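Colleague: First the structure, which I've put down as structure tokens, then a few questions once you've had a look.
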Amino acid sequence: MNTYAVLWTYTADAEKVDRHKDSHMQYIKSLAAGGAIVEGGAWRDGSGALIIFRASDREQIRGYLDADPFTTEGVIVATQIHEWVAAIGPIARI
């Protein structure tokens with residue numbers, strides 16, 4: 001398994017973000033419970049988020065992201081996916 005850092009930028013429409021937050025969080029929690037998400041959270045200013053995934057490849061990550069309600073409902077306006085090698089800290093020991 002590989003580790004990926006996903007950086008999201010949200011729409012500036014805060015009402016849209018709030019409207020889909022519950023379904024998004026249910027989905028994200030299910031991925032975390034299954035081991036696909038290691039860590040994640042939104043930027044304090046509400047402009048986006050960082051999520052650390054474990055997956056076999058980029059296509060698997062893309063599948064996770066494409067199924068997220070924040071993606072399907074247009075909350076996400078930009079996505080960056082980076083394969084990441086954790087050198088120190090708890091994630092490096094996974």
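For the structure tokens, the naming scheme is as follows: chains receive sequential letters (A, B, ...) according to their order of presentation, residues are indexed from 1 within each chain, and ligands are indexed from 1 in presentation order.
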Give me the region 2-73 of chain A side of the contact with region 80-91 of chain A, cut-off 10 Å, one line per residue showing its nearest atom pair and distance in Å at one decimal, counting only C-alpha atoms, sorted by chain and residue number, as JSON lines.
Modeller:
{"residue": "A:Asn2", "atom": "CA", "partner": "A:Glu83", "partner_atom": "CA", "distance": 7.2}
{"residue": "A:Thr3", "atom": "CA", "partner": "A:Trp84", "partner_atom": "CA", "distance": 5.4}
{"residue": "A:Tyr4", "atom": "CA", "partner": "A:Glu83", "partner_atom": "CA", "distance": 4.4}
{"residue": "A:Ala5", "atom": "CA", "partner": "A:His82", "partner_atom": "CA", "distance": 5.2}
{"residue": "A:Val6", "atom": "CA", "partner": "A:Ile81", "partner_atom": "CA", "distance": 4.6}
{"residue": "A:Leu7", "atom": "CA", "partner": "A:Gln80", "partner_atom": "CA", "distance": 5.1}
{"residue": "A:Trp8", "atom": "CA", "partner": "A:Gln80", "partner_atom": "CA", "distance": 6.6}
{"residue": "A:Thr9", "atom": "CA", "partner": "A:Gln80", "partner_atom": "CA", "distance": 8.8}
{"residue": "A:Val38", "atom": "CA", "partner": "A:Ile91", "partner_atom": "CA", "distance": 7.6}
{"residue": "A:Glu39", "atom": "CA", "partner": "A:Ile91", "partner_atom": "CA", "distance": 8.7}
{"residue": "A:Leu50", "atom": "CA", "partner": "A:Gln80", "partner_atom": "CA", "distance": 9.6}
{"residue": "A:Ile51", "atom": "CA", "partner": "A:Ile81", "partner_atom": "CA", "distance": 9.7}
{"residue": "A:Ile52", "atom": "CA", "partner": "A:Trp84", "partner_atom": "CA", "distance": 8.9}
{"residue": "A:Phe53", "atom": "CA", "partner": "A:Glu83", "partner_atom": "CA", "distance": 9.4}
{"residue": "A:Arg54", "atom": "CA", "partner": "A:Glu83", "partner_atom": "CA", "distance": 9.7}
{"residue": "A:Ala55", "atom": "CA", "partner": "A:Glu83", "partner_atom": "CA", "distance": 9.9}
{"residue": "A:Asp57", "atom": "CA", "partner": "A:Glu83", "partner_atom": "CA", "distance": 8.9}
{"residue": "A:Arg58", "atom": "CA", "partner": "A:Ile81", "partner_atom": "CA", "distance": 7.9}
{"residue": "A:Ile61", "atom": "CA", "partner": "A:Ile81", "partner_atom": "CA", "distance": 8.3}
{"residue": "A:Arg62", "atom": "CA", "partner": "A:Ile81", "partner_atom": "CA", "distance": 8.7}
Colleague: So which residues of chain A fall under strand (DSSP E) by DSSP, listed as a PyMOL selection string?
Modeller: chain A and resi 2-10+37-42+48-55+76-84
Colleague: Write the residues of the selection above to a file with N, CA and C atoms, as an mmCIF file, in the first residue's frame.
Modeller:
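Saved to again29.cif:
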data_model
loop_
_atom_site.group_PDB
_atom_site.id
_atom_site.type_symbol
_atom_site.label_atom_id
_atom_site.label_comp_id
_atom_site.auth_asym_id
_atom_site.auth_seq_id
_atom_site.Cartn_x
_atom_site.Cartn_y
_atom_site.Cartn_z
ATOM 1 N N ASN A 2 0.392 2.259 -0.665
ATOM 2 C CA ASN A 2 1.083 3.538 -0.748
ATOM 3 C C ASN A 2 0.319 4.581 0.056
ATOM 4 N N THR A 3 1.009 5.645 0.408
ATOM 5 C CA THR A 3 0.389 6.742 1.150
ATOM 6 C C THR A 3 0.238 7.929 0.209
ATOM 7 N N TYR A 4 -0.928 8.563 0.272
ATOM 8 C CA TYR A 4 -1.229 9.706 -0.581
ATOM 9 C C TYR A 4 -1.752 10.861 0.259
ATOM 10 N N ALA A 5 -1.282 12.052 -0.056
ATOM 11 C CA ALA A 5 -1.823 13.269 0.533
ATOM 12 C C ALA A 5 -2.750 13.899 -0.503
ATOM 13 N N VAL A 6 -3.981 14.130 -0.097
ATOM 14 C CA VAL A 6 -4.964 14.766 -0.970
ATOM 15 C C VAL A 6 -5.277 16.137 -0.394
ATOM 16 N N LEU A 7 -5.106 17.156 -1.216
ATOM 17 C CA LEU A 7 -5.431 18.527 -0.823
ATOM 18 C C LEU A 7 -6.645 18.970 -1.621
ATOM 19 N N TRP A 8 -7.649 19.399 -0.901
ATOM 20 C CA TRP A 8 -8.889 19.855 -1.514
ATOM 21 C C TRP A 8 -9.048 21.349 -1.328
ATOM 22 N N THR A 9 -9.638 21.986 -2.324
ATOM 23 C CA THR A 9 -10.114 23.358 -2.201
ATOM 24 C C THR A 9 -11.629 23.308 -2.339
ATOM 25 N N TYR A 10 -12.314 23.926 -1.366
ATOM 26 C CA TYR A 10 -13.779 23.953 -1.365
ATOM 27 C C TYR A 10 -14.302 25.174 -2.102
ATOM 28 N N ILE A 37 -8.440 5.814 5.054
ATOM 29 C CA ILE A 37 -8.010 7.137 5.502
ATOM 30 C C ILE A 37 -7.249 6.986 6.808
ATOM 31 N N VAL A 38 -6.069 7.580 6.833
ATOM 32 C CA VAL A 38 -5.209 7.544 8.010
ATOM 33 C C VAL A 38 -5.462 8.761 8.899
ATOM 34 N N GLU A 39 -5.618 9.909 8.280
ATOM 35 C CA GLU A 39 -5.782 11.171 9.006
ATOM 36 C C GLU A 39 -6.430 12.153 8.056
ATOM 37 N N GLY A 40 -7.100 13.145 8.597
ATOM 38 C CA GLY A 40 -7.681 14.150 7.727
ATOM 39 C C GLY A 40 -8.339 15.251 8.514
ATOM 40 N N GLY A 41 -8.572 16.349 7.837
ATOM 41 C CA GLY A 41 -9.270 17.459 8.457
ATOM 42 C C GLY A 41 -9.262 18.672 7.562
ATOM 43 N N ALA A 42 -10.189 19.581 7.883
ATOM 44 C CA ALA A 42 -10.338 20.809 7.104
ATOM 45 C C ALA A 42 -9.369 21.872 7.594
ATOM 46 N N GLY A 48 -10.737 24.439 2.566
ATOM 47 C CA GLY A 48 -10.420 23.136 1.990
ATOM 48 C C GLY A 48 -9.984 22.166 3.062
ATOM 49 N N ALA A 49 -9.276 21.122 2.646
ATOM 50 C CA ALA A 49 -8.886 20.073 3.586
ATOM 51 C C ALA A 49 -7.655 19.326 3.099
ATOM 52 N N LEU A 50 -7.071 18.590 4.039
ATOM 53 C CA LEU A 50 -5.979 17.656 3.769
ATOM 54 C C LEU A 50 -6.427 16.295 4.281
ATOM 55 N N ILE A 51 -6.307 15.277 3.450
ATOM 56 C CA ILE A 51 -6.637 13.912 3.864
ATOM 57 C C ILE A 51 -5.482 13.003 3.466
ATOM 58 N N ILE A 52 -5.046 12.166 4.395
ATOM 59 C CA ILE A 52 -3.989 11.198 4.134
ATOM 60 C C ILE A 52 -4.642 9.833 3.927
ATOM 61 N N PHE A 53 -4.431 9.275 2.754
ATOM 62 C CA PHE A 53 -5.003 7.983 2.367
ATOM 63 C C PHE A 53 -3.933 6.908 2.279
ATOM 64 N N ARG A 54 -4.345 5.673 2.440
ATOM 65 C CA ARG A 54 -3.543 4.495 2.101
ATOM 66 C C ARG A 54 -4.302 3.794 0.982
ATOM 67 N N ALA A 55 -3.616 3.520 -0.123
ATOM 68 C CA ALA A 55 -4.259 2.884 -1.270
ATOM 69 C C ALA A 55 -3.209 2.208 -2.132
ATOM 70 N N ILE A 76 -16.174 20.435 -3.883
ATOM 71 C CA ILE A 76 -14.746 20.442 -4.215
ATOM 72 C C ILE A 76 -14.551 21.151 -5.554
ATOM 73 N N VAL A 77 -13.716 22.191 -5.549
ATOM 74 C CA VAL A 77 -13.441 22.906 -6.800
ATOM 75 C C VAL A 77 -12.042 22.628 -7.337
ATOM 76 N N ALA A 78 -11.159 22.069 -6.495
ATOM 77 C CA ALA A 78 -9.813 21.699 -6.944
ATOM 78 C C ALA A 78 -9.295 20.567 -6.062
ATOM 79 N N THR A 79 -8.582 19.642 -6.704
ATOM 80 C CA THR A 79 -8.015 18.484 -6.002
ATOM 81 C C THR A 79 -6.571 18.307 -6.425
ATOM 82 N N GLN A 80 -5.704 18.101 -5.454
ATOM 83 C CA GLN A 80 -4.320 17.719 -5.712
ATOM 84 C C GLN A 80 -4.095 16.375 -5.041
ATOM 85 N N ILE A 81 -3.497 15.443 -5.761
ATOM 86 C CA ILE A 81 -3.169 14.125 -5.211
ATOM 87 C C ILE A 81 -1.661 13.950 -5.326
ATOM 88 N N HIS A 82 -1.023 13.689 -4.184
ATOM 89 C CA HIS A 82 0.428 13.519 -4.156
ATOM 90 C C HIS A 82 0.761 12.204 -3.466
ATOM 91 N N GLU A 83 1.536 11.346 -4.128
ATOM 92 C CA GLU A 83 2.053 10.187 -3.415
ATOM 93 C C GLU A 83 3.077 10.713 -2.419
ATOM 94 N N TRP A 84 3.003 10.214 -1.198
ATOM 95 C CA TRP A 84 3.771 10.801 -0.111
ATOM 96 C C TRP A 84 4.523 9.714 0.636
#
Colleague: Just want the 12 Å neighbourhood of Thr72 (chain A), counted on only C-alpha atoms, with same-chain residues fewer than 6 positions away dropped. Output as a PyMOL selection string.
Modeller: chain A and resi 20+23-24+63-66
Colleague: Would you compute the distance between CA of Asp45 (chain A) and CA of Thr71 (chain A)? Give it in Å to one decimal.
Modeller: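 Computing it gives 19.4 Å between the two atoms.
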Colleague: DSSP on the backbone, helix (DSSP H, G or I) only: what residues of chain A does that give? Format it as a PyMOL selection string.
Modeller: chain A and resi 14-33+58-67+69-72+90-93
Colleague: Could you turn the residues from that selection into a file that holds N, CA and C atoms, as an mmCIF file, in the first residue's frame?
Modeller:
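Below you can see part.cif, which holds the result:
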data_model
loop_
_atom_site.group_PDB
_atom_site.id
_atom_site.type_symbol
_atom_site.label_atom_id
_atom_site.label_comp_id
_atom_site.auth_asym_id
_atom_site.auth_seq_id
_atom_site.Cartn_x
_atom_site.Cartn_y
_atom_site.Cartn_z
ATOM 1 N N ALA A 14 -20.340 28.794 1.351
ATOM 2 C CA ALA A 14 -20.361 28.137 2.671
ATOM 3 C C ALA A 14 -21.674 27.405 2.917
ATOM 4 N N GLU A 15 -22.758 27.911 2.394
ATOM 5 C CA GLU A 15 -24.060 27.247 2.554
ATOM 6 C C GLU A 15 -24.057 25.874 1.867
ATOM 7 N N LYS A 16 -23.433 25.801 0.707
ATOM 8 C CA LYS A 16 -23.328 24.530 -0.016
ATOM 9 C C LYS A 16 -22.473 23.543 0.775
ATOM 10 N N VAL A 17 -21.361 24.010 1.331
ATOM 11 C CA VAL A 17 -20.507 23.152 2.152
ATOM 12 C C VAL A 17 -21.308 22.613 3.327
ATOM 13 N N ASP A 18 -21.996 23.479 4.046
ATOM 14 C CA ASP A 18 -22.782 23.063 5.212
ATOM 15 C C ASP A 18 -23.890 22.085 4.835
ATOM 16 N N ARG A 19 -24.518 22.297 3.705
ATOM 17 C CA ARG A 19 -25.640 21.452 3.265
ATOM 18 C C ARG A 19 -25.211 20.006 3.042
ATOM 19 N N HIS A 20 -23.953 19.793 2.623
ATOM 20 C CA HIS A 20 -23.493 18.442 2.291
ATOM 21 C C HIS A 20 -22.490 17.869 3.294
ATOM 22 N N LYS A 21 -22.239 18.601 4.376
ATOM 23 C CA LYS A 21 -21.216 18.189 5.347
ATOM 24 C C LYS A 21 -21.554 16.860 6.021
ATOM 25 N N ASP A 22 -22.801 16.643 6.424
ATOM 26 C CA ASP A 22 -23.156 15.408 7.128
ATOM 27 C C ASP A 22 -22.939 14.167 6.255
ATOM 28 N N SER A 23 -23.403 14.220 5.007
ATOM 29 C CA SER A 23 -23.231 13.047 4.128
ATOM 30 C C SER A 23 -21.752 12.828 3.807
ATOM 31 N N HIS A 24 -21.016 13.914 3.647
ATOM 32 C CA HIS A 24 -19.571 13.813 3.418
ATOM 33 C C HIS A 24 -18.885 13.151 4.616
ATOM 34 N N MET A 25 -19.202 13.599 5.821
ATOM 35 C CA MET A 25 -18.561 13.050 7.015
ATOM 36 C C MET A 25 -18.917 11.577 7.216
ATOM 37 N N GLN A 26 -20.132 11.186 6.936
ATOM 38 C CA GLN A 26 -20.499 9.763 7.015
ATOM 39 C C GLN A 26 -19.633 8.949 6.061
ATOM 40 N N TYR A 27 -19.468 9.440 4.856
ATOM 41 C CA TYR A 27 -18.654 8.747 3.856
ATOM 42 C C TYR A 27 -17.192 8.671 4.296
ATOM 43 N N ILE A 28 -16.635 9.801 4.732
ATOM 44 C CA ILE A 28 -15.234 9.848 5.169
ATOM 45 C C ILE A 28 -15.001 8.913 6.354
ATOM 46 N N LYS A 29 -15.923 8.909 7.306
ATOM 47 C CA LYS A 29 -15.797 8.021 8.468
ATOM 48 C C LYS A 29 -15.825 6.555 8.055
ATOM 49 N N SER A 30 -16.616 6.213 7.042
ATOM 50 C CA SER A 30 -16.642 4.821 6.568
ATOM 51 C C SER A 30 -15.310 4.438 5.931
ATOM 52 N N LEU A 31 -14.683 5.358 5.205
ATOM 53 C CA LEU A 31 -13.364 5.089 4.629
ATOM 54 C C LEU A 31 -12.312 4.940 5.722
ATOM 55 N N ALA A 32 -12.396 5.781 6.751
ATOM 56 C CA ALA A 32 -11.452 5.687 7.869
ATOM 57 C C ALA A 32 -11.627 4.360 8.608
ATOM 58 N N ALA A 33 -12.864 3.952 8.833
ATOM 59 C CA ALA A 33 -13.126 2.686 9.529
ATOM 60 C C ALA A 33 -12.579 1.500 8.741
ATOM 61 N N ARG A 58 -3.117 5.398 -7.559
ATOM 62 C CA ARG A 58 -3.815 6.667 -7.773
ATOM 63 C C ARG A 58 -5.260 6.452 -8.230
ATOM 64 N N GLU A 59 -5.499 5.408 -9.003
ATOM 65 C CA GLU A 59 -6.853 5.130 -9.487
ATOM 66 C C GLU A 59 -7.788 4.786 -8.321
ATOM 67 N N GLN A 60 -7.274 4.072 -7.333
ATOM 68 C CA GLN A 60 -8.083 3.757 -6.160
ATOM 69 C C GLN A 60 -8.429 5.046 -5.406
ATOM 70 N N ILE A 61 -7.463 5.935 -5.266
ATOM 71 C CA ILE A 61 -7.719 7.230 -4.623
ATOM 72 C C ILE A 61 -8.787 7.987 -5.400
ATOM 73 N N ARG A 62 -8.636 8.038 -6.709
ATOM 74 C CA ARG A 62 -9.597 8.749 -7.551
ATOM 75 C C ARG A 62 -10.999 8.174 -7.349
ATOM 76 N N GLY A 63 -11.116 6.852 -7.230
ATOM 77 C CA GLY A 63 -12.414 6.232 -6.978
ATOM 78 C C GLY A 63 -13.019 6.674 -5.658
ATOM 79 N N TYR A 64 -12.197 6.707 -4.615
ATOM 80 C CA TYR A 64 -12.680 7.193 -3.319
ATOM 81 C C TYR A 64 -13.184 8.628 -3.428
ATOM 82 N N LEU A 65 -12.398 9.468 -4.077
ATOM 83 C CA LEU A 65 -12.736 10.885 -4.170
ATOM 84 C C LEU A 65 -13.980 11.111 -5.026
ATOM 85 N N ASP A 66 -14.080 10.397 -6.128
ATOM 86 C CA ASP A 66 -15.220 10.568 -7.031
ATOM 87 C C ASP A 66 -16.543 10.183 -6.381
ATOM 88 N N ALA A 67 -16.504 9.267 -5.405
ATOM 89 C CA ALA A 67 -17.726 8.818 -4.731
ATOM 90 C C ALA A 67 -18.103 9.700 -3.541
ATOM 91 N N PRO A 69 -19.591 12.631 -1.398
ATOM 92 C CA PRO A 69 -20.645 13.622 -1.634
ATOM 93 C C PRO A 69 -20.129 15.046 -1.861
ATOM 94 N N PHE A 70 -19.008 15.409 -1.277
ATOM 95 C CA PHE A 70 -18.462 16.732 -1.548
ATOM 96 C C PHE A 70 -18.058 16.861 -3.017
ATOM 97 N N THR A 71 -17.626 15.780 -3.633
ATOM 98 C CA THR A 71 -17.294 15.811 -5.057
ATOM 99 C C THR A 71 -18.557 15.802 -5.902
ATOM 100 N N THR A 72 -19.458 14.858 -5.615
ATOM 101 C CA THR A 72 -20.659 14.721 -6.447
ATOM 102 C C THR A 72 -21.575 15.938 -6.358
ATOM 103 N N PRO A 90 4.002 9.002 13.439
ATOM 104 C CA PRO A 90 3.153 7.808 13.509
ATOM 105 C C PRO A 90 2.757 7.238 12.143
ATOM 106 N N ILE A 91 2.539 8.099 11.166
ATOM 107 C CA ILE A 91 2.135 7.614 9.848
ATOM 108 C C ILE A 91 3.266 6.836 9.195
ATOM 109 N N ALA A 92 4.500 7.197 9.461
ATOM 110 C CA ALA A 92 5.655 6.508 8.883
ATOM 111 C C ALA A 92 5.729 5.054 9.344
ATOM 112 N N ARG A 93 5.096 4.735 10.456
ATOM 113 C CA ARG A 93 5.155 3.368 10.997
ATOM 114 C C ARG A 93 4.027 2.475 10.499
#
